[in-house]
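S.K.: See start_4.cif below, with mmCIF, C-alpha atoms.
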```cif
data_input
#
loop_
_atom_site.group_PDB
_atom_site.id
_atom_site.type_symbol
_atom_site.label_atom_id
_atom_site.label_comp_id
_atom_site.auth_asym_id
_atom_site.auth_seq_id
_atom_site.Cartn_x
_atom_site.Cartn_y
_atom_site.Cartn_z
ATOM 1 C CA MET N 544 0.000 0.000 0.000
ATOM 2 C CA GLU N 545 1.166 3.525 -0.717
ATOM 3 C CA ARG N 546 0.930 6.156 1.992
ATOM 4 C CA ILE N 547 1.626 9.868 2.080
ATOM 5 C CA ILE N 548 3.494 11.600 4.908
ATOM 6 C CA TYR N 549 3.103 15.372 5.415
ATOM 7 C CA ILE N 550 5.906 16.957 7.465
ATOM 8 C CA ASP N 551 5.971 20.359 9.137
ATOM 9 C CA GLU N 552 8.073 21.938 11.883
ATOM 10 C CA SER N 553 7.713 24.560 14.606
ATOM 11 C CA CYS N 554 10.392 26.741 16.232
ATOM 12 C CA HIS N 555 13.041 25.152 14.006
ATOM 13 C CA LEU N 556 15.205 28.258 13.563
ATOM 14 C CA GLU N 557 18.441 28.213 15.522
ATOM 15 C CA ASN N 558 18.364 31.816 16.779
ATOM 16 C CA ASP N 559 14.632 32.426 17.269
ATOM 17 C CA GLN N 560 15.081 32.792 21.067
ATOM 18 C CA LEU N 561 12.839 29.779 21.697
ATOM 19 C CA PRO N 562 14.194 26.902 23.817
ATOM 20 C CA LEU N 563 12.714 23.993 21.875
ATOM 21 C CA MET N 564 11.549 22.776 18.514
ATOM 22 C CA CYS N 565 9.143 20.195 17.167
ATOM 23 C CA ILE N 566 8.846 18.353 13.875
ATOM 24 C CA GLY N 567 5.923 16.120 13.019
ATOM 25 C CA TYR N 568 3.838 14.478 10.339
ATOM 26 C CA THR N 569 0.347 13.385 9.506
ATOM 27 C CA LYS N 570 0.138 10.158 7.505
ATOM 28 C CA ILE N 571 -2.682 8.919 5.297
ATOM 29 C CA ASP N 572 -3.281 6.154 2.771
ATOM 30 C CA SER N 573 -2.967 7.477 -0.781
ATOM 31 C CA GLY N 574 -6.361 6.011 -1.598
ATOM 32 C CA ASN N 575 -7.992 8.249 1.005
ATOM 33 C CA TYR N 576 -6.390 11.468 -0.215
ATOM 34 C CA GLU N 577 -9.226 12.889 -2.319
ATOM 35 C CA THR N 578 -11.970 11.881 0.126
ATOM 36 C CA TYR N 579 -10.202 13.245 3.197
ATOM 37 C CA LYS N 580 -9.094 16.428 1.417
ATOM 38 C CA ASN N 581 -12.641 17.197 0.289
ATOM 39 C CA GLU N 582 -14.141 16.367 3.676
ATOM 40 C CA ILE N 583 -11.680 18.633 5.495
ATOM 41 C CA LYS N 584 -12.326 21.428 3.014
ATOM 42 C CA ALA N 585 -16.066 20.961 3.597
ATOM 43 C CA ILE N 586 -15.528 21.321 7.359
ATOM 44 C CA LYS N 587 -13.584 24.530 6.779
ATOM 45 C CA LEU N 588 -16.291 25.930 4.503
ATOM 46 C CA LYS N 589 -18.980 24.975 7.010
ATOM 47 C CA HIS N 590 -17.233 27.260 9.482
ATOM 48 C CA HIS N 591 -16.636 29.969 6.847
ATOM 49 C CA ALA N 592 -12.872 29.413 6.947
ATOM 50 C CA PRO N 593 -11.675 28.670 3.396
ATOM 51 C CA THR N 594 -8.160 30.011 3.988
ATOM 52 C CA GLU N 595 -5.096 28.317 5.468
ATOM 53 C CA ILE N 596 -5.234 27.189 9.103
ATOM 54 C CA LYS N 597 -2.057 28.131 10.949
ATOM 55 C CA TRP N 598 -1.290 27.823 14.642
ATOM 56 C CA ASN N 599 0.062 31.366 14.738
ATOM 57 C CA LYS N 600 -3.216 32.749 13.376
ATOM 58 C CA LEU N 601 -5.858 30.951 15.429
ATOM 59 C CA SER N 602 -9.044 32.845 16.233
ATOM 60 C CA MET N 603 -11.448 32.274 19.128
ATOM 61 C CA SER N 604 -14.336 32.774 16.696
ATOM 62 C CA ARG N 605 -13.225 29.572 14.961
ATOM 63 C CA LEU N 606 -12.693 27.382 18.026
ATOM 64 C CA GLU N 607 -15.485 25.019 16.965
ATOM 65 C CA LEU N 608 -13.730 24.572 13.617
ATOM 66 C CA TYR N 609 -10.495 23.509 15.322
ATOM 67 C CA LYS N 610 -12.395 21.107 17.570
ATOM 68 C CA GLU N 611 -14.193 19.571 14.599
ATOM 69 C CA LEU N 612 -10.898 19.092 12.773
ATOM 70 C CA ILE N 613 -9.466 17.348 15.850
ATOM 71 C CA ASP N 614 -12.572 15.152 16.019
ATOM 72 C CA TYR N 615 -12.159 14.355 12.321
ATOM 73 C CA PHE N 616 -8.541 13.307 12.825
ATOM 74 C CA PHE N 617 -9.457 10.842 15.576
ATOM 75 C CA LEU N 618 -12.352 9.419 13.566
ATOM 76 C CA LYS N 619 -10.423 8.806 10.363
ATOM 77 C CA ASN N 620 -7.477 6.628 9.363
ATOM 78 C CA ILE N 621 -4.916 9.404 9.872
ATOM 79 C CA GLN N 622 -1.805 8.992 12.040
ATOM 80 C CA PHE N 623 0.309 11.683 13.661
ATOM 81 C CA ARG N 624 3.857 11.488 14.978
ATOM 82 C CA ALA N 625 6.136 14.216 16.303
ATOM 83 C CA ILE N 626 9.633 14.607 17.735
ATOM 84 C CA LEU N 627 9.867 17.238 20.479
ATOM 85 C CA VAL N 628 13.365 18.621 21.092
ATOM 86 C CA LYS N 629 13.769 20.494 24.369
ATOM 87 C CA ASN N 630 16.719 22.791 25.205
ATOM 88 C CA LYS N 631 17.732 23.078 21.547
ATOM 89 C CA THR N 632 20.312 25.735 22.476
ATOM 90 C CA GLN N 633 22.367 22.930 24.072
ATOM 91 C CA LEU N 634 22.728 20.997 20.818
ATOM 92 C CA ASN N 635 26.346 20.182 20.007
ATOM 93 C CA HIS N 636 26.261 20.777 16.247
ATOM 94 C CA THR N 637 30.041 20.597 15.872
ATOM 95 C CA LYS N 638 30.189 17.059 17.217
ATOM 96 C CA TYR N 639 26.909 15.568 16.030
ATOM 97 C CA ASN N 640 25.338 17.564 13.221
ATOM 98 C CA LYS N 641 28.050 18.328 10.656
ATOM 99 C CA GLY N 642 28.557 21.722 12.225
ATOM 100 C CA ASP N 643 25.230 23.406 11.595
ATOM 101 C CA HIS N 644 21.630 23.598 12.735
ATOM 102 C CA ASN N 645 20.137 23.016 9.284
ATOM 103 C CA SER N 646 21.837 19.632 9.109
ATOM 104 C CA PHE N 647 20.272 18.801 12.457
ATOM 105 C CA TYR N 648 16.842 19.699 11.055
ATOM 106 C CA TYR N 649 17.247 17.085 8.333
ATOM 107 C CA THR N 650 18.630 14.607 10.844
ATOM 108 C CA LEU N 651 15.336 14.997 12.667
ATOM 109 C CA VAL N 652 13.419 14.387 9.441
ATOM 110 C CA PHE N 653 15.477 11.245 8.965
ATOM 111 C CA LEU N 654 14.743 10.065 12.528
ATOM 112 C CA LEU N 655 11.067 10.883 12.119
ATOM 113 C CA LEU N 656 10.827 8.741 8.994
ATOM 114 C CA ARG N 657 13.103 5.953 10.192
ATOM 115 C CA ASN N 658 10.896 5.246 13.206
ATOM 116 C CA PRO N 659 10.683 1.406 13.304
ATOM 117 C CA TYR N 660 6.924 1.608 13.840
ATOM 118 C CA VAL N 661 6.322 3.688 10.710
ATOM 119 C CA ASN N 662 6.476 0.758 8.317
ATOM 120 C CA LEU N 663 5.300 -2.409 9.984
ATOM 121 C CA ASN N 664 3.328 -3.417 6.876
ATOM 122 C CA HIS N 665 6.074 -2.822 4.288
ATOM 123 C CA ASP N 666 4.213 0.064 2.677
ATOM 124 C CA GLN N 667 5.632 2.569 0.201
ATOM 125 C CA PHE N 668 5.707 6.268 1.064
ATOM 126 C CA LYS N 669 5.549 9.659 -0.558
ATOM 127 C CA VAL N 670 7.078 12.341 1.679
ATOM 128 C CA ILE N 671 5.742 15.891 1.404
ATOM 129 C CA LEU N 672 7.442 18.667 3.384
ATOM 130 C CA ASP N 673 6.469 22.266 3.994
ATOM 131 C CA ILE N 674 8.898 24.348 1.958
ATOM 132 C CA LYS N 675 11.679 25.750 4.136
ATOM 133 C CA ASP N 676 14.305 27.503 2.012
ATOM 134 C CA THR N 677 15.946 27.645 -1.409
ATOM 135 C CA ARG N 678 18.230 24.677 -0.655
ATOM 136 C CA GLY N 679 15.292 22.332 -0.220
ATOM 137 C CA LYS N 680 15.828 20.332 -3.410
ATOM 138 C CA GLU N 681 19.443 19.573 -2.498
ATOM 139 C CA ARG N 682 18.498 18.500 1.024
ATOM 140 C CA LEU N 683 15.665 16.281 -0.194
ATOM 141 C CA LYS N 684 18.146 14.515 -2.459
ATOM 142 C CA ASN N 685 20.521 13.987 0.475
ATOM 143 C CA LEU N 686 17.683 12.721 2.660
ATOM 144 C CA ASP N 687 16.649 10.256 -0.036
ATOM 145 C CA LEU N 688 20.229 8.980 -0.393
ATOM 146 C CA ARG N 689 20.648 8.629 3.369
ATOM 147 C CA LEU N 690 17.456 6.603 3.710
ATOM 148 C CA LYS N 691 18.446 4.349 0.801
ATOM 149 C CA LYS N 692 21.847 3.712 2.376
ATOM 150 C CA GLU N 693 20.334 3.036 5.806
ATOM 151 C CA TYR N 694 17.780 0.517 4.572
ATOM 152 C CA GLU N 695 20.288 -1.257 2.343
ATOM 153 C CA SER N 696 22.946 -1.595 5.050
ATOM 154 C CA LYS N 697 20.684 -2.369 8.021
ATOM 155 C CA TYR N 698 17.814 -4.281 6.504
ATOM 156 C CA GLY N 699 19.124 -5.432 3.127
ATOM 157 C CA GLN N 700 16.159 -3.881 1.351
ATOM 158 C CA LYS N 701 15.179 -0.837 -0.640
ATOM 159 C CA SER N 702 14.023 2.280 1.166
ATOM 160 C CA PRO N 703 10.208 2.453 1.304
ATOM 161 C CA PHE N 704 10.418 6.246 0.844
ATOM 162 C CA HIS N 705 10.357 6.637 -2.925
ATOM 163 C CA PHE N 706 9.133 10.202 -3.503
ATOM 164 C CA PHE N 707 10.110 13.527 -1.877
ATOM 165 C CA GLN N 708 8.634 16.957 -2.538
ATOM 166 C CA HIS N 709 8.410 20.420 -1.008
ATOM 167 C CA ILE N 710 5.107 22.317 -1.241
ATOM 168 C CA ARG N 711 3.594 25.351 0.447
ATOM 169 C CA SER N 712 1.386 24.627 3.448
ATOM 170 C CA ASP N 713 -1.387 26.884 2.146
ATOM 171 C CA GLU N 714 -1.788 24.383 -0.703
ATOM 172 C CA ASN N 715 -2.428 21.357 1.523
ATOM 173 C CA VAL N 716 -4.910 20.680 4.335
ATOM 174 C CA PHE N 717 -2.824 17.828 5.784
ATOM 175 C CA LEU N 718 0.192 20.087 6.290
ATOM 176 C CA GLN N 719 -2.178 22.504 8.010
ATOM 177 C CA LEU N 720 -3.378 19.745 10.317
ATOM 178 C CA THR N 721 0.239 18.884 11.146
ATOM 179 C CA ASP N 722 0.914 22.563 11.856
ATOM 180 C CA LEU N 723 -2.044 22.712 14.248
ATOM 181 C CA PHE N 724 -0.817 19.718 16.252
ATOM 182 C CA ILE N 725 2.868 20.614 16.493
ATOM 183 C CA GLY N 726 1.942 24.204 17.267
ATOM 184 C CA ALA N 727 -0.080 22.980 20.234
ATOM 185 C CA ILE N 728 2.766 20.722 21.404
ATOM 186 C CA THR N 729 5.411 23.465 21.332
ATOM 187 C CA TYR N 730 3.116 26.054 22.927
ATOM 188 C CA LYS N 731 2.457 23.719 25.851
ATOM 189 C CA ALA N 732 6.069 22.510 26.091
ATOM 190 C CA ARG N 733 7.492 26.032 26.382
ATOM 191 C CA LYS N 734 4.823 26.846 29.010
ATOM 192 C CA ALA N 735 3.400 29.681 26.951
ATOM 193 C CA HIS N 736 -0.064 28.665 28.164
ATOM 194 C CA LYS N 737 0.899 29.771 31.681
ATOM 195 C CA GLN N 738 1.919 33.295 30.691
ATOM 196 C CA GLU N 739 -0.290 36.211 31.611
ATOM 197 C CA ASN N 740 -0.973 37.081 27.987
ATOM 198 C CA ALA N 741 -1.525 33.471 26.871
ATOM 199 C CA SER N 742 -3.944 32.970 23.982
ATOM 200 C CA GLU N 743 -7.321 31.699 25.197
ATOM 201 C CA VAL N 744 -8.054 29.935 21.915
ATOM 202 C CA LYS N 745 -4.682 28.175 21.960
ATOM 203 C CA LYS N 746 -5.235 27.033 25.543
ATOM 204 C CA ALA N 747 -8.655 25.720 24.553
ATOM 205 C CA VAL N 748 -7.246 23.816 21.559
ATOM 206 C CA ILE N 749 -4.499 22.299 23.734
ATOM 207 C CA GLN N 750 -7.009 21.179 26.354
ATOM 208 C CA TYR N 751 -9.282 19.637 23.737
ATOM 209 C CA LEU N 752 -6.414 17.855 21.985
ATOM 210 C CA GLU N 753 -5.184 16.436 25.287
ATOM 211 C CA GLU N 754 -8.688 15.232 26.126
ATOM 212 C CA LYS N 755 -9.110 13.527 22.760
ATOM 213 C CA SER N 756 -5.623 11.987 22.643
ATOM 214 C CA GLY N 757 -5.403 11.018 26.302
ATOM 215 C CA TYR N 758 -1.868 12.416 26.474
ATOM 216 C CA VAL N 759 -0.182 15.471 27.993
ATOM 217 C CA LEU N 760 1.292 17.288 25.021
ATOM 218 C CA HIS N 761 4.626 18.287 26.541
ATOM 219 C CA ASP N 762 5.474 14.687 27.500
ATOM 220 C CA GLY N 763 6.339 11.764 25.275
ATOM 221 C CA THR N 764 3.735 9.106 24.538
ATOM 222 C CA ASN N 765 4.035 5.342 24.596
ATOM 223 C CA PRO N 766 6.556 4.548 21.797
ATOM 224 C CA LEU N 767 4.120 1.947 20.426
ATOM 225 C CA GLU N 768 1.340 4.531 20.116
ATOM 226 C CA GLU N 769 0.239 4.546 16.475
ATOM 227 C CA LYS N 770 -2.531 7.159 16.319
ATOM 228 C CA PHE N 771 -0.989 10.140 18.140
ATOM 229 C CA ASN N 772 2.691 9.665 18.920
ATOM 230 C CA ILE N 773 5.088 12.162 20.520
ATOM 231 C CA PHE N 774 8.756 11.288 20.965
ATOM 232 C CA ASP N 775 10.486 13.318 23.688
ATOM 233 C CA PHE N 776 13.942 13.603 22.106
ATOM 234 C CA GLN N 777 16.919 13.466 24.502
ATOM 235 C CA ILE N 778 19.648 15.584 22.948
ATOM 236 C CA GLN N 779 23.406 15.253 23.043
ATOM 237 C CA THR N 780 24.517 18.494 24.695
ATOM 238 C CA ASN N 781 27.632 20.647 24.566
ATOM 239 C CA HIS N 782 28.752 19.393 27.997
#
```
Show how you would write the structure in this file as structure tokens.
M.R.:
Amino acid sequence: MERIIYIDESCHLENDQLPLMCIGYTKIDSGNYETYKNEIKAIKLKHHAPTEIKWNKLSMSRLELYKELIDYFFLKNIQFRAILVKNKTQLNHTKYNKGDHNSFYYTLVFLLLRNPYVNLNHDQFKVILDIKDTRGKERLKNLDLRLKKEYESKYGQKSPFHFFQHIRSDENVFLQLTDLFIGAITYKARKAHKQENASEVKKAVIQYLEEKSGYVLHDGTNPLEEKFNIFDFQIQTNH
């Protein structure tokens, strides 16, 4: 079976003054793409919200829309997985990440995809990433080569990830869903919900997502969790 993985990231910039970062994906069967896309678009239109949904632009007037999208995710055959990196300022890029933060970003993509639970059924995957910068095509090529080498050397088989592409998140409802989830995770993990000026709509979305998932968003989930998985990444530090 072919599946599609939609990857987005939050707080990924090295010098954005934020202590953590998160990268995650939503995953669907290719055969469900048109149905799910149209159903999500119908939900958005029902709530008079045809434009892109972004965590940084949530509105209290659309809280019921966000809740319905969360409900939809848990009703349908859609999986979510994220890697949450805390204390990113302590990353030792010189020793572990070829000297730069951008290389670490693609290392995280690699770890996200290489998760041993991602391919229990020997599926094939298309990987769609939110466009990040002008070097995206080069990095996608390197990611593809690294995955091919890994699967050949470790498992003696071809990489199941056969297609890589960058697109803009405003063009894809599944990237928007990923953005909503990882936005909630990072907001909770950096304790922004406890600040005096915390967004009421973001706190409400976090609470609803925790109720539906059964997990606290700033902690890791059971590693065997298939529906809504968060990996609390333990970094190698500069010490």
S.K.: Would you please work out which residue, of N:Lys680, N:Gly726, N:Leu767, N:Glu754, is nearest to Met564 of chain N when using only C-alpha atoms?
M.R.: N:Gly726
S.K.: Please produce, as JSON lines, a per-residue contact table for segment 575-609 of chain N versus segment 694-717 of chain N (criterion: any atom at most 10 Å away, only C-alpha atoms considered), showing the nearest atom pair and its distance in Å to one decimal, sorted by chain then residue number.
M.R.:
```
{"residue": "N:Tyr576", "atom": "CA", "partner": "N:Phe717", "partner_atom": "CA", "distance": 9.4}
{"residue": "N:Tyr579", "atom": "CA", "partner": "N:Phe717", "partner_atom": "CA", "distance": 9.1}
{"residue": "N:Lys580", "atom": "CA", "partner": "N:Val716", "partner_atom": "CA", "distance": 6.6}
{"residue": "N:Asn581", "atom": "CA", "partner": "N:Val716", "partner_atom": "CA", "distance": 9.4}
{"residue": "N:Ile583", "atom": "CA", "partner": "N:Val716", "partner_atom": "CA", "distance": 7.2}
{"residue": "N:Lys584", "atom": "CA", "partner": "N:Val716", "partner_atom": "CA", "distance": 7.6}
{"residue": "N:Lys587", "atom": "CA", "partner": "N:Val716", "partner_atom": "CA", "distance": 9.8}
{"residue": "N:Thr594", "atom": "CA", "partner": "N:Asp713", "partner_atom": "CA", "distance": 7.7}
{"residue": "N:Glu595", "atom": "CA", "partner": "N:Asp713", "partner_atom": "CA", "distance": 5.2}
{"residue": "N:Ile596", "atom": "CA", "partner": "N:Asp713", "partner_atom": "CA", "distance": 8.0}
{"residue": "N:Lys597", "atom": "CA", "partner": "N:Asp713", "partner_atom": "CA", "distance": 8.9}
```
S.K.: Dump C-alpha atoms for the selected residues as an mmCIF file, in the coordinates of the input?
M.R.:
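Result file part08.cif:
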```
data_model
loop_
_atom_site.group_PDB
_atom_site.id
_atom_site.type_symbol
_atom_site.label_atom_id
_atom_site.label_comp_id
_atom_site.auth_asym_id
_atom_site.auth_seq_id
_atom_site.Cartn_x
_atom_site.Cartn_y
_atom_site.Cartn_z
ATOM 1 C CA TYR N 576 -6.390 11.468 -0.215
ATOM 2 C CA TYR N 579 -10.202 13.245 3.197
ATOM 3 C CA LYS N 580 -9.094 16.428 1.417
ATOM 4 C CA ASN N 581 -12.641 17.197 0.289
ATOM 5 C CA ILE N 583 -11.680 18.633 5.495
ATOM 6 C CA LYS N 584 -12.326 21.428 3.014
ATOM 7 C CA LYS N 587 -13.584 24.530 6.779
ATOM 8 C CA THR N 594 -8.160 30.011 3.988
ATOM 9 C CA GLU N 595 -5.096 28.317 5.468
ATOM 10 C CA ILE N 596 -5.234 27.189 9.103
ATOM 11 C CA LYS N 597 -2.057 28.131 10.949
#
```
S.K.: Distance atom CA of Tyr649 of chain N-atom CA of Tyr549 of chain N, one decimal place?
M.R.: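 Here the two named atoms are 14.5 Å from each other.
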S.K.: In Å, how far is it from atom CA of Lys770 of chain N to atom CA of Lys692 of chain N?
M.R.: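 Computed distance, atom CA of Lys770 of chain N to atom CA of Lys692 of chain N, equals 28.3 Å.
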S.K.: For Leu752 of chain N, which of N:Tyr609, N:Phe668, N:Tyr648, N:Phe774 is the closest residue, counting all atoms listed in the file?
M.R.: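 Among the listed residues, N:Tyr609 lies closest to Leu752 of chain N.
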S.K.: Let me know the residues the PyMOL selection byres ((chain N and resi 607) around 12) catches in the file above, as a list in words.
M.R.: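 Applying the PyMOL selection byres ((chain N and resi 607) around 12) to the structure shown produces Ile586, Lys587, Lys589, His590, His591, Ala592, Leu601, Ser602, Met603, Ser604, Arg605, Leu606, Leu608, Tyr609, Lys610, Glu611, Leu612, Ile613, Asp614, Val744, Ala747, Val748 and Tyr751 of chain N.
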S.K.: Selection in question (the file shown): the PyMOL selection byres ((chain N and resi 761) around 7). Which residues does it include, as number ranges by chain?
M.R.: N: 728, 731-732, 759-760, 762-763
S.K.: For atom CA of Lys734 of chain N and atom CA of Gly757 of chain N, determine how far apart the two atoms are, in Å to one decimal place.
M.R.: 19.0 Å
S.K.: So that I can check the surroundings of segment 617-627 of chain N, please list as a ChimeraX atom specification every protein, DNA and RNA residue that reaches within 8 Å of it, counting only C-alpha atoms and ignoring chain neighbours fewer than 3 positions away.
M.R.: /N:563-572,613-614,651,655,721,725,728-729,755,769-776
S.K.: Could you list, as a list of chain:residue names, every residue within 9 Å of Met544 of chain N, counting all atoms listed in the file and ignoring same-chain residues fewer than 2 positions away?
M.R.: N:Arg546, N:Asp572, N:Ser573, N:Gly574, N:Asn664, N:His665, N:Asp666, N:Gln667, N:Phe668
S.K.: Mind writing the picked residues with C-alpha atoms as a short mmCIF file (atom, residue, chain, number, x, y, z; two decimals), keeping the file's coordinate frame?
M.R.:
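Generated file (out-v4.cif):
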```
data_model
loop_
_atom_site.label_atom_id
_atom_site.label_comp_id
_atom_site.auth_asym_id
_atom_site.auth_seq_id
_atom_site.Cartn_x
_atom_site.Cartn_y
_atom_site.Cartn_z
CA ARG N 546 0.93 6.16 1.99
CA ASP N 572 -3.28 6.15 2.77
CA SER N 573 -2.97 7.48 -0.78
CA GLY N 574 -6.36 6.01 -1.60
CA ASN N 664 3.33 -3.42 6.88
CA HIS N 665 6.07 -2.82 4.29
CA ASP N 666 4.21 0.06 2.68
CA GLN N 667 5.63 2.57 0.20
CA PHE N 668 5.71 6.27 1.06
#
```
S.K.: I need the residue nearest Lys746 of chain N from this list: N:Leu588, N:Trp598, N:Pro593, N:Leu656. Use only C-alpha atoms for the distance.
M.R.: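 So, comparing all the options, the nearest one is N:Trp598.
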S.K.: Place N, CA, C and O atoms on segment 596-607 of chain N and deliver the coordinates as a PDB file, in the coordinates of the input.
M.R.:
```pdb
ATOM      1  N   ILE N 596      -5.212  27.242   7.641  1.00  0.00           N
ATOM      2  CA  ILE N 596      -5.234  27.189   9.103  1.00  0.00           C
ATOM      3  C   ILE N 596      -3.801  27.112   9.598  1.00  0.00           C
ATOM      4  O   ILE N 596      -3.062  26.191   9.253  1.00  0.00           O
ATOM      5  N   LYS N 597      -3.402  28.098  10.391  1.00  0.00           N
ATOM      6  CA  LYS N 597      -2.057  28.131  10.949  1.00  0.00           C
ATOM      7  C   LYS N 597      -2.144  28.379  12.447  1.00  0.00           C
ATOM      8  O   LYS N 597      -2.943  29.189  12.912  1.00  0.00           O
ATOM      9  N   TRP N 598      -1.301  27.684  13.191  1.00  0.00           N
ATOM     10  CA  TRP N 598      -1.290  27.823  14.642  1.00  0.00           C
ATOM     11  C   TRP N 598      -1.088  29.270  15.071  1.00  0.00           C
ATOM     12  O   TRP N 598      -1.703  29.731  16.031  1.00  0.00           O
ATOM     13  N   ASN N 599      -0.253  29.984  14.364  1.00  0.00           N
ATOM     14  CA  ASN N 599       0.062  31.366  14.738  1.00  0.00           C
ATOM     15  C   ASN N 599      -1.058  32.342  14.415  1.00  0.00           C
ATOM     16  O   ASN N 599      -0.969  33.523  14.767  1.00  0.00           O
ATOM     17  N   LYS N 600      -2.113  31.857  13.756  1.00  0.00           N
ATOM     18  CA  LYS N 600      -3.216  32.749  13.376  1.00  0.00           C
ATOM     19  C   LYS N 600      -4.576  32.207  13.828  1.00  0.00           C
ATOM     20  O   LYS N 600      -5.592  32.453  13.174  1.00  0.00           O
ATOM     21  N   LEU N 601      -4.597  31.481  14.935  1.00  0.00           N
ATOM     22  CA  LEU N 601      -5.858  30.951  15.429  1.00  0.00           C
ATOM     23  C   LEU N 601      -6.749  32.076  15.932  1.00  0.00           C
ATOM     24  O   LEU N 601      -6.279  33.084  16.455  1.00  0.00           O
ATOM     25  N   SER N 602      -8.057  31.855  15.810  1.00  0.00           N
ATOM     26  CA  SER N 602      -9.044  32.845  16.233  1.00  0.00           C
ATOM     27  C   SER N 602     -10.089  32.178  17.126  1.00  0.00           C
ATOM     28  O   SER N 602     -10.588  31.089  16.803  1.00  0.00           O
ATOM     29  N   MET N 603     -10.442  32.832  18.226  1.00  0.00           N
ATOM     30  CA  MET N 603     -11.448  32.274  19.128  1.00  0.00           C
ATOM     31  C   MET N 603     -12.781  32.079  18.421  1.00  0.00           C
ATOM     32  O   MET N 603     -13.538  31.158  18.751  1.00  0.00           O
ATOM     33  N   SER N 604     -13.074  32.896  17.427  1.00  0.00           N
ATOM     34  CA  SER N 604     -14.336  32.774  16.696  1.00  0.00           C
ATOM     35  C   SER N 604     -14.408  31.478  15.897  1.00  0.00           C
ATOM     36  O   SER N 604     -15.493  31.080  15.456  1.00  0.00           O
ATOM     37  N   ARG N 605     -13.256  30.813  15.729  1.00  0.00           N
ATOM     38  CA  ARG N 605     -13.225  29.572  14.961  1.00  0.00           C
ATOM     39  C   ARG N 605     -12.854  28.369  15.826  1.00  0.00           C
ATOM     40  O   ARG N 605     -12.419  27.338  15.317  1.00  0.00           O
ATOM     41  N   LEU N 606     -13.040  28.486  17.118  1.00  0.00           N
ATOM     42  CA  LEU N 606     -12.693  27.382  18.026  1.00  0.00           C
ATOM     43  C   LEU N 606     -13.440  26.098  17.666  1.00  0.00           C
ATOM     44  O   LEU N 606     -12.857  25.006  17.702  1.00  0.00           O
ATOM     45  N   GLU N 607     -14.712  26.213  17.314  1.00  0.00           N
ATOM     46  CA  GLU N 607     -15.485  25.019  16.965  1.00  0.00           C
ATOM     47  C   GLU N 607     -14.941  24.356  15.705  1.00  0.00           C
ATOM     48  O   GLU N 607     -15.030  23.129  15.561  1.00  0.00           O
TER      49      GLU N 607
END
```
